[in-house]
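The structure file final.txt is reproduced below (compact mmCIF, N, CA and C atoms).
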# COMPACT_ATOMS: atom_id res chain seq x y z
N MET A 1 27.23 34.97 14.05
CA MET A 1 25.88 34.46 13.99
C MET A 1 24.91 35.63 13.84
N SER A 2 23.97 35.49 12.94
CA SER A 2 23.00 36.55 12.76
C SER A 2 21.94 36.48 13.85
N LYS A 3 21.45 37.62 14.25
CA LYS A 3 20.44 37.68 15.29
C LYS A 3 19.08 37.85 14.62
N VAL A 4 18.60 36.73 14.04
CA VAL A 4 17.32 36.71 13.34
C VAL A 4 16.54 35.50 13.80
N CYS A 5 15.26 35.68 14.11
CA CYS A 5 14.39 34.58 14.49
C CYS A 5 14.07 33.77 13.23
N GLU A 6 14.21 32.44 13.32
CA GLU A 6 14.02 31.58 12.16
C GLU A 6 12.55 31.41 11.79
N ILE A 7 11.63 31.69 12.69
CA ILE A 7 10.20 31.54 12.41
C ILE A 7 9.58 32.88 12.01
N SER A 8 9.71 33.87 12.87
CA SER A 8 9.02 35.15 12.63
C SER A 8 9.83 36.12 11.78
N GLY A 9 11.15 35.96 11.73
CA GLY A 9 11.99 36.87 10.96
C GLY A 9 12.36 38.14 11.69
N LYS A 10 12.09 38.19 13.01
CA LYS A 10 12.48 39.37 13.78
C LYS A 10 13.99 39.52 13.73
N LYS A 11 14.46 40.78 13.61
CA LYS A 11 15.90 41.01 13.52
C LYS A 11 16.25 42.29 14.24
N VAL A 12 17.52 42.64 14.22
CA VAL A 12 18.04 43.81 14.91
C VAL A 12 17.49 45.08 14.27
N LEU A 13 17.07 46.03 15.11
CA LEU A 13 16.65 47.35 14.66
C LEU A 13 17.69 48.36 15.11
N VAL A 14 17.78 49.48 14.41
CA VAL A 14 18.75 50.52 14.74
C VAL A 14 18.00 51.78 15.13
N GLY A 15 18.50 52.42 16.19
CA GLY A 15 17.88 53.66 16.65
C GLY A 15 18.90 54.55 17.31
N ASN A 16 18.44 55.45 18.15
CA ASN A 16 19.32 56.41 18.82
C ASN A 16 19.19 56.31 20.33
N ASN A 17 20.33 56.46 21.03
CA ASN A 17 20.32 56.80 22.45
C ASN A 17 20.16 58.31 22.50
N VAL A 18 19.26 58.79 23.33
CA VAL A 18 19.04 60.23 23.42
C VAL A 18 19.31 60.65 24.86
N SER A 19 20.27 61.56 25.03
CA SER A 19 20.62 62.03 26.36
C SER A 19 19.67 63.16 26.78
N LYS A 20 19.85 63.60 28.01
CA LYS A 20 19.03 64.71 28.52
C LYS A 20 19.27 65.98 27.71
N ALA A 21 20.50 66.12 27.21
CA ALA A 21 20.84 67.29 26.39
C ALA A 21 20.47 67.08 24.92
N MET A 22 19.73 66.00 24.63
CA MET A 22 19.26 65.66 23.28
C MET A 22 20.39 65.31 22.33
N ASN A 23 21.56 64.88 22.86
CA ASN A 23 22.61 64.34 22.01
C ASN A 23 22.19 62.94 21.58
N LYS A 24 22.44 62.63 20.33
CA LYS A 24 22.00 61.33 19.80
C LYS A 24 23.20 60.51 19.36
N THR A 25 23.24 59.25 19.79
CA THR A 25 24.25 58.30 19.35
C THR A 25 23.54 57.03 18.91
N LYS A 26 24.11 56.36 17.93
CA LYS A 26 23.48 55.15 17.39
C LYS A 26 23.50 54.02 18.40
N ARG A 27 22.47 53.20 18.39
CA ARG A 27 22.40 52.00 19.22
C ARG A 27 21.61 50.93 18.47
N ARG A 28 21.67 49.70 19.01
CA ARG A 28 20.98 48.57 18.40
C ARG A 28 19.91 48.05 19.35
N PHE A 29 18.74 47.74 18.81
CA PHE A 29 17.68 47.08 19.55
C PHE A 29 17.69 45.62 19.10
N GLU A 30 18.19 44.74 19.96
CA GLU A 30 18.34 43.34 19.58
C GLU A 30 17.13 42.53 20.06
N PRO A 31 16.66 41.57 19.24
CA PRO A 31 15.53 40.75 19.65
C PRO A 31 15.94 39.78 20.75
N ASN A 32 14.97 39.36 21.54
CA ASN A 32 15.22 38.42 22.63
C ASN A 32 15.17 37.00 22.05
N LEU A 33 16.34 36.46 21.67
CA LEU A 33 16.43 35.17 20.99
C LEU A 33 17.00 34.10 21.91
N ILE A 34 16.50 32.87 21.73
CA ILE A 34 17.02 31.71 22.44
C ILE A 34 17.16 30.57 21.45
N LYS A 35 18.06 29.63 21.76
CA LYS A 35 18.20 28.41 20.97
C LYS A 35 17.44 27.30 21.68
N LYS A 36 16.59 26.57 20.95
CA LYS A 36 15.73 25.57 21.57
C LYS A 36 15.61 24.36 20.67
N LYS A 37 15.63 23.16 21.27
CA LYS A 37 15.43 21.92 20.52
C LYS A 37 13.99 21.47 20.66
N PHE A 38 13.41 21.02 19.54
CA PHE A 38 12.03 20.52 19.53
C PHE A 38 12.00 19.15 18.88
N PHE A 39 11.11 18.30 19.36
CA PHE A 39 10.89 16.99 18.75
C PHE A 39 9.66 17.08 17.87
N ILE A 40 9.81 16.69 16.60
CA ILE A 40 8.70 16.69 15.65
C ILE A 40 8.18 15.25 15.57
N PRO A 41 7.01 14.97 16.14
CA PRO A 41 6.54 13.58 16.15
C PRO A 41 6.19 13.02 14.77
N GLU A 42 5.73 13.88 13.83
CA GLU A 42 5.37 13.41 12.49
C GLU A 42 6.60 12.89 11.75
N GLU A 43 7.74 13.56 11.93
CA GLU A 43 8.96 13.16 11.25
C GLU A 43 9.83 12.26 12.10
N GLY A 44 9.58 12.23 13.42
CA GLY A 44 10.35 11.40 14.32
C GLY A 44 11.77 11.88 14.52
N LYS A 45 11.99 13.20 14.47
CA LYS A 45 13.35 13.71 14.67
C LYS A 45 13.33 15.03 15.42
N TRP A 46 14.52 15.41 15.92
CA TRP A 46 14.70 16.65 16.67
C TRP A 46 15.21 17.74 15.74
N ILE A 47 14.77 18.98 15.97
CA ILE A 47 15.30 20.12 15.24
C ILE A 47 15.69 21.19 16.25
N THR A 48 16.71 21.97 15.92
CA THR A 48 17.14 23.08 16.75
C THR A 48 16.83 24.38 16.02
N LEU A 49 16.13 25.28 16.70
CA LEU A 49 15.74 26.56 16.12
C LEU A 49 16.21 27.70 16.99
N LYS A 50 16.52 28.84 16.35
CA LYS A 50 16.79 30.07 17.08
C LYS A 50 15.52 30.90 17.02
N LEU A 51 14.87 31.08 18.17
CA LEU A 51 13.55 31.68 18.23
C LEU A 51 13.53 32.92 19.10
N SER A 52 12.58 33.81 18.79
CA SER A 52 12.29 34.89 19.73
C SER A 52 11.36 34.32 20.80
N THR A 53 11.37 34.95 21.96
CA THR A 53 10.57 34.41 23.06
C THR A 53 9.08 34.54 22.79
N SER A 54 8.68 35.50 21.97
CA SER A 54 7.26 35.62 21.63
C SER A 54 6.80 34.43 20.78
N VAL A 55 7.67 33.93 19.91
CA VAL A 55 7.34 32.74 19.11
C VAL A 55 7.30 31.51 20.01
N LEU A 56 8.16 31.46 21.02
CA LEU A 56 8.16 30.34 21.95
C LEU A 56 6.83 30.26 22.69
N LYS A 57 6.27 31.41 23.06
CA LYS A 57 4.96 31.42 23.71
C LYS A 57 3.88 30.90 22.76
N THR A 58 4.00 31.25 21.48
CA THR A 58 3.03 30.77 20.48
C THR A 58 3.15 29.26 20.31
N ILE A 59 4.38 28.73 20.32
CA ILE A 59 4.59 27.28 20.21
C ILE A 59 3.99 26.56 21.41
N ASN A 60 4.15 27.14 22.60
CA ASN A 60 3.56 26.53 23.79
C ASN A 60 2.04 26.50 23.70
N LYS A 61 1.45 27.48 23.03
CA LYS A 61 -0.01 27.56 22.91
C LYS A 61 -0.54 26.65 21.80
N LYS A 62 0.06 26.72 20.59
CA LYS A 62 -0.47 26.01 19.43
C LYS A 62 0.18 24.67 19.16
N GLY A 63 1.45 24.53 19.53
CA GLY A 63 2.20 23.32 19.21
C GLY A 63 3.19 23.59 18.10
N ILE A 64 4.30 22.85 18.11
CA ILE A 64 5.38 23.09 17.14
C ILE A 64 4.95 22.77 15.72
N SER A 65 4.16 21.73 15.52
CA SER A 65 3.75 21.34 14.17
C SER A 65 2.91 22.42 13.50
N ALA A 66 1.96 22.99 14.25
CA ALA A 66 1.10 24.02 13.69
C ALA A 66 1.88 25.28 13.37
N VAL A 67 2.82 25.63 14.21
CA VAL A 67 3.61 26.85 13.98
C VAL A 67 4.52 26.67 12.77
N LEU A 68 5.13 25.48 12.62
CA LEU A 68 5.99 25.24 11.46
C LEU A 68 5.19 25.25 10.16
N LYS A 69 3.96 24.75 10.18
CA LYS A 69 3.14 24.74 8.97
C LYS A 69 2.81 26.14 8.50
N GLU A 70 2.52 27.04 9.42
CA GLU A 70 2.12 28.39 9.02
C GLU A 70 3.31 29.36 8.93
N SER A 71 4.50 28.88 9.24
CA SER A 71 5.68 29.75 9.17
C SER A 71 6.17 29.88 7.73
N LYS A 72 7.15 30.76 7.53
CA LYS A 72 7.66 31.04 6.20
C LYS A 72 8.78 30.09 5.79
N ILE A 73 9.37 29.36 6.76
CA ILE A 73 10.51 28.51 6.43
C ILE A 73 10.03 27.21 5.79
N ASN A 74 10.87 26.65 4.96
CA ASN A 74 10.55 25.39 4.30
C ASN A 74 11.49 24.32 4.85
N ARG A 75 10.96 23.42 5.62
CA ARG A 75 11.75 22.32 6.17
C ARG A 75 11.59 21.10 5.27
N VAL A 76 12.67 20.38 5.07
CA VAL A 76 12.63 19.18 4.24
C VAL A 76 12.48 17.97 5.11
Could the structure of this file be written out as C-alpha cells, please?
Amino acid sequence: MSKVCEISGKKVLVGNNVSKAMNKTKRRFEPNLIKKKFFIPEEGKWITLKLSTSVLKTINKKGISAVLKESKINRV
C-alpha cells in the first residue's frame, strides 16, 4: 500500500539520520495517515479515504463536501 494522502497528496520524504559524529544514513519521513469512512449526504453513500491527520482537521472544520470539491481527486 502506498503511503500517500488521497486529498492533499502528502507522501513519504527521504532524508538522513545524523549521528553525533556526523555519520549520515538514509531514513524515511512518513506522513501521519489514517483510514476513515465518511458519509456523503448529497450522494447518499459512504466512502473510505486514506487521509493525513492535518486534512482530517480541515474536514472537521469545513465539512467533507467542501473539502472534496476543492480537492484534486475526481470522484464519480
Taking all atoms of segment 42-60 of chain A that appear in the file, build a box with edges along x, y and z, extend it by 4 Å on every side, and state its centre and edge lengths in Å to one decimal, as JSON.
{"center_x": 9.6, "center_y": 23.5, "center_z": 17.5, "size_x": 23.1, "size_y": 32.2, "size_z": 20.5}
Which residues are near segment 42-55 of chain A? Cut-off 7 Å, all atoms listed in the file, ignore same chain within fewer than 4 positions. Put them as a ChimeraX atom specification. /A:4-8,31-38,59-60
To one decimal place in Å, what is the distance between atom CA of Gly9 of chain A and atom CA of Ser71 of chain A? 9.7 Å
Extract the full set of strand (DSSP E) residues from segment 6-76 of chain A according to DSSP on the backbone, and format it as a PyMOL selection string. chain A and resi 13-18+24-29+33-40+45-52
In Å, with one decimal, what is the gap from atom N of Arg28 of chain A to atom N of Val12 of chain A?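 Computing it gives 9.5 Å between the two atoms.
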d(atom C of Ser2 of chain A, atom CA of Ser19 of chain A) in Å: 28.5 Å
Proximity to Arg27 of chain A - best of A:Ala66, A:Leu56, A:Ile40, A:Val14, only C-alpha atoms: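 Among the listed residues, A:Val14 lies closest to Arg27 of chain A.
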Counting only N, CA and C atoms, the option among A:Ser65, A:Asn16, A:Lys11, A:Thr58 closest to Pro41 of chain A: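 Comparing A:Ser65, A:Asn16, A:Lys11, A:Thr58 against Pro41 of chain A, the winner is A:Ser65.
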